[in-house]
Amino acid sequence: MSTLEILREARRRGDFRALAAAVPYARFLGIDLEMREGQLLGLLRYDDALIGNPMIPALHGGTLGALLESTAIFQIGWEVELTALPRTITLTVNYLRSGRPRDVLARATIARQGRRVASVSVEAWQDDPERPIATATGHFLIQGEAPAGG
Amino acid sequence: MTRAFTALVPHNAALGIEVLELGDATSLLRLPYDPRLIGDPQTGVLHGGVITSLLDATFGAAAFMALPSPSPLATLDLRIDYLKPATPGQAVHGRGECYRVTRNVAFVRGIAYHDDPSAPIAGGSATFMLTQRPGSGLPGGSP
């Protein structure tokens, strides 16, 4: 089964965990998906290999970027009936606070979905969703069913 | 210095990133192809997040080299433009140039490519805050 088929099947069955399991890099980093109060959340499980600065210590900025980007893509896959995997056009990450050596959560919101582009904003946090450690906006090329009026 | 850069940054080591060259305000890093870093198993193309990590490390190295004296850096923001998919099986190079350092901020831009810098996979830019916090001057951590 292709990744796209896995994604479509996971969406049809409501099995969000199968989404992350289908992506080798998500497994490598330790990214999982959770559902809390109807919101899909990306979860980066802490591992020593995610550290970028051992003196502070702080998580590597790239791992936070990868969590934010992955969560955005999973959110698109969850909301949109795709005919191809989303492709990132641009991603801008703002680093707000040091990523401490523990788990990170992320939630994505599709700000706009057109016929070809989905614009997504994502936030990552550790203790308090109101105190994000990093945020991102991304534009993704999509092929899928057109939204009403899109 | 080039060895310390990856040896002291666990996640760079986990990705297999190596530093090839460091200049006055420039950096050249290399990420070997690794099936564990694939985004789409059907095509074998690396996940975009891998390019993000490579360029974060690359830009941090260029900023660090541009500093008048070693100082800890905190990434403020990082923008990546994905120009074309990476080719499966090929290593990726990251090249960064710090084109301006002020008392507080370092500005860096650069690209990711396989072998030909004129055919980049991704372009990007980042800004770093120079911090006075004691500790390692190694970039790669968030603020």
# chains A, B, ... in the order shown; residues from 1 in each chain; ligands from 1

call {"tool": "closest_atom_pairs", "arguments": {"of": "region 69-119 of chain A", "to": "region 23-30 of chain A", "cutoff": "12 Å", "atoms": "only C-alpha atoms", "output": "Markdown table"}}
result
| residue | atom | partner | partner_atom | distance |
| --- | --- | --- | --- | --- |
| A:Glu69 | CA | A:Ala26 | CA | 10.8 |
| A:Ser70 | CA | A:Ala26 | CA | 7.7 |
| A:Thr71 | CA | A:Ala26 | CA | 10.1 |
| A:Ile73 | CA | A:Val23 | CA | 11.3 |
| A:Phe74 | CA | A:Val23 | CA | 10.4 |
| A:Leu85 | CA | A:Val23 | CA | 11.6 |
| A:Asp103 | CA | A:Gly30 | CA | 9.9 |
| A:Val104 | CA | A:Gly30 | CA | 10.6 |
| A:Leu105 | CA | A:Gly30 | CA | 11.9 |

call {"tool": "write_last_selection", "arguments": {"atoms": "all heavy atoms", "output": "PDB file, in the first residue's frame"}}
result
ATOM      1  N   GLU A  69       6.334  20.867  10.941  1.00  0.00           N
ATOM      2  CA  GLU A  69       6.025  20.559   9.542  1.00  0.00           C
ATOM      3  C   GLU A  69       5.215  19.266   9.437  1.00  0.00           C
ATOM      4  O   GLU A  69       4.215  19.203   8.704  1.00  0.00           O
ATOM      5  CB  GLU A  69       7.330  20.444   8.740  1.00  0.00           C
ATOM      6  CG  GLU A  69       7.097  20.152   7.267  1.00  0.00           C
ATOM      7  CD  GLU A  69       8.384  20.157   6.457  1.00  0.00           C
ATOM      8  OE1 GLU A  69       9.432  20.558   6.993  1.00  0.00           O
ATOM      9  OE2 GLU A  69       8.319  19.763   5.279  1.00  0.00           O
ATOM     10  N   SER A  70       5.621  18.244  10.191  1.00  0.00           N
ATOM     11  CA  SER A  70       4.910  16.959  10.144  1.00  0.00           C
ATOM     12  C   SER A  70       3.477  17.109  10.631  1.00  0.00           C
ATOM     13  O   SER A  70       2.549  16.569  10.030  1.00  0.00           O
ATOM     14  CB  SER A  70       5.623  15.929  11.024  1.00  0.00           C
ATOM     15  OG  SER A  70       6.911  15.687  10.548  1.00  0.00           O
ATOM     16  N   THR A  71       3.300  17.848  11.717  1.00  0.00           N
ATOM     17  CA  THR A  71       1.960  18.034  12.272  1.00  0.00           C
ATOM     18  C   THR A  71       1.058  18.746  11.263  1.00  0.00           C
ATOM     19  O   THR A  71      -0.118  18.395  11.103  1.00  0.00           O
ATOM     20  CB  THR A  71       2.028  18.824  13.596  1.00  0.00           C
ATOM     21  OG1 THR A  71       2.903  18.139  14.492  1.00  0.00           O
ATOM     22  CG2 THR A  71       0.654  18.945  14.235  1.00  0.00           C
ATOM     23  N   ILE A  73       1.361  18.657   7.988  1.00  0.00           N
ATOM     24  CA  ILE A  73       1.051  17.725   6.897  1.00  0.00           C
ATOM     25  C   ILE A  73       0.011  16.694   7.339  1.00  0.00           C
ATOM     26  O   ILE A  73      -0.930  16.383   6.606  1.00  0.00           O
ATOM     27  CB  ILE A  73       2.344  17.044   6.392  1.00  0.00           C
ATOM     28  CG1 ILE A  73       3.226  18.082   5.685  1.00  0.00           C
ATOM     29  CG2 ILE A  73       2.026  15.879   5.454  1.00  0.00           C
ATOM     30  CD1 ILE A  73       4.614  17.589   5.300  1.00  0.00           C
ATOM     31  N   PHE A  74       0.155  16.185   8.580  1.00  0.00           N
ATOM     32  CA  PHE A  74      -0.834  15.226   9.083  1.00  0.00           C
ATOM     33  C   PHE A  74      -2.212  15.875   9.193  1.00  0.00           C
ATOM     34  O   PHE A  74      -3.230  15.249   8.919  1.00  0.00           O
ATOM     35  CB  PHE A  74      -0.405  14.678  10.451  1.00  0.00           C
ATOM     36  CG  PHE A  74       0.777  13.741  10.374  1.00  0.00           C
ATOM     37  CD1 PHE A  74       1.845  13.867  11.250  1.00  0.00           C
ATOM     38  CD2 PHE A  74       0.831  12.731   9.427  1.00  0.00           C
ATOM     39  CE1 PHE A  74       2.932  13.000  11.190  1.00  0.00           C
ATOM     40  CE2 PHE A  74       1.912  11.860   9.350  1.00  0.00           C
ATOM     41  CZ  PHE A  74       2.968  12.000  10.236  1.00  0.00           C
ATOM     42  N   LEU A  85       0.213  13.166  -1.941  1.00  0.00           N
ATOM     43  CA  LEU A  85       0.731  13.643  -0.656  1.00  0.00           C
ATOM     44  C   LEU A  85       1.009  15.144  -0.748  1.00  0.00           C
ATOM     45  O   LEU A  85       1.463  15.631  -1.773  1.00  0.00           O
ATOM     46  CB  LEU A  85       2.021  12.907  -0.297  1.00  0.00           C
ATOM     47  CG  LEU A  85       1.877  11.441   0.105  1.00  0.00           C
ATOM     48  CD1 LEU A  85       3.259  10.852   0.383  1.00  0.00           C
ATOM     49  CD2 LEU A  85       0.993  11.294   1.330  1.00  0.00           C
ATOM     50  N   ASP A 103       8.969  15.863  26.383  1.00  0.00           N
ATOM     51  CA  ASP A 103       8.079  15.741  25.232  1.00  0.00           C
ATOM     52  C   ASP A 103       7.584  17.105  24.750  1.00  0.00           C
ATOM     53  O   ASP A 103       7.482  18.064  25.528  1.00  0.00           O
ATOM     54  CB  ASP A 103       6.848  14.892  25.592  1.00  0.00           C
ATOM     55  CG  ASP A 103       7.211  13.440  25.895  1.00  0.00           C
ATOM     56  OD1 ASP A 103       8.388  13.084  25.742  1.00  0.00           O
ATOM     57  OD2 ASP A 103       6.306  12.681  26.283  1.00  0.00           O
ATOM     58  N   VAL A 104       7.266  17.175  23.461  1.00  0.00           N
ATOM     59  CA  VAL A 104       6.705  18.384  22.860  1.00  0.00           C
ATOM     60  C   VAL A 104       5.400  18.015  22.170  1.00  0.00           C
ATOM     61  O   VAL A 104       5.299  16.971  21.517  1.00  0.00           O
ATOM     62  CB  VAL A 104       7.655  18.999  21.807  1.00  0.00           C
ATOM     63  CG1 VAL A 104       7.151  20.363  21.360  1.00  0.00           C
ATOM     64  CG2 VAL A 104       9.077  19.100  22.344  1.00  0.00           C
ATOM     65  N   LEU A 105       4.404  18.874  22.304  1.00  0.00           N
ATOM     66  CA  LEU A 105       3.127  18.689  21.613  1.00  0.00           C
ATOM     67  C   LEU A 105       2.963  19.772  20.564  1.00  0.00           C
ATOM     68  O   LEU A 105       3.525  20.865  20.695  1.00  0.00           O
ATOM     69  CB  LEU A 105       1.966  18.773  22.621  1.00  0.00           C
ATOM     70  CG  LEU A 105       1.794  17.554  23.527  1.00  0.00           C
ATOM     71  CD1 LEU A 105       0.989  17.920  24.768  1.00  0.00           C
ATOM     72  CD2 LEU A 105       1.131  16.423  22.771  1.00  0.00           C
TER      73      LEU A 105
END

call {"tool": "interface_residues", "arguments": {"of": "chain A", "to": "chain B", "cutoff": "8 Å", "atoms": "only C-alpha atoms", "output": "PyMOL selection string"}}
result
chain A and resi 2-3+22-26+28+48-63+65-67+69-70+88-99

call {"tool": "atom_distance", "arguments": {"atom1": "CA of Thr83 (chain A)", "atom2": "CA of Arg107 (chain A)"}}
result
23.4 Å

call {"tool": "select_by_dssp", "arguments": {"residues": "region 21-100 of chain A", "states": "strand (DSSP E or B)", "output": "PyMOL selection string"}}
result
chain A and resi 31-36+39-44+51-53+58-60+82-95

call {"tool": "closest_residue", "arguments": {"among": "B:Ala66, B:Leu28, B:Val108, B:Leu73", "to": "Arg95 (chain B)", "atoms": "only C-alpha atoms"}}
result
B:Leu28

call {"tool": "closest_residue", "arguments": {"among": "A:Arg36, A:Arg17, A:His139, A:Arg45", "to": "Trp78 (chain A)", "atoms": "only C-alpha atoms"}}
result
A:Arg17

call {"tool": "select_by_dssp", "arguments": {"residues": "chain A", "states": "helix (DSSP H, G or I)", "output": "VMD selection string"}}
result
chain A and resid 3 to 13 17 to 21 24 to 29 48 to 50 61 to 79

call {"tool": "residues_around", "arguments": {"residues": "Tyr99 (chain B)", "least_positions_apart": "4", "cutoff": "9 Å", "atoms": "only C-alpha atoms", "output": "list in words"}}
result
Ala25, Thr26, Ala63, Ala66, Ala106, Phe107, Val108 and Arg109 of chain B

call {"tool": "closest_residue", "arguments": {"among": "A:Leu82, A:Ala106, A:Leu44, A:Leu19", "to": "Arg131 (chain A)", "atoms": "only C-alpha atoms"}}
result
A:Ala106

call {"tool": "atom_distance", "arguments": {"atom1": "CA of Leu67 (chain B)", "atom2": "CA of Glu97 (chain B)"}}
result
12.3 Å
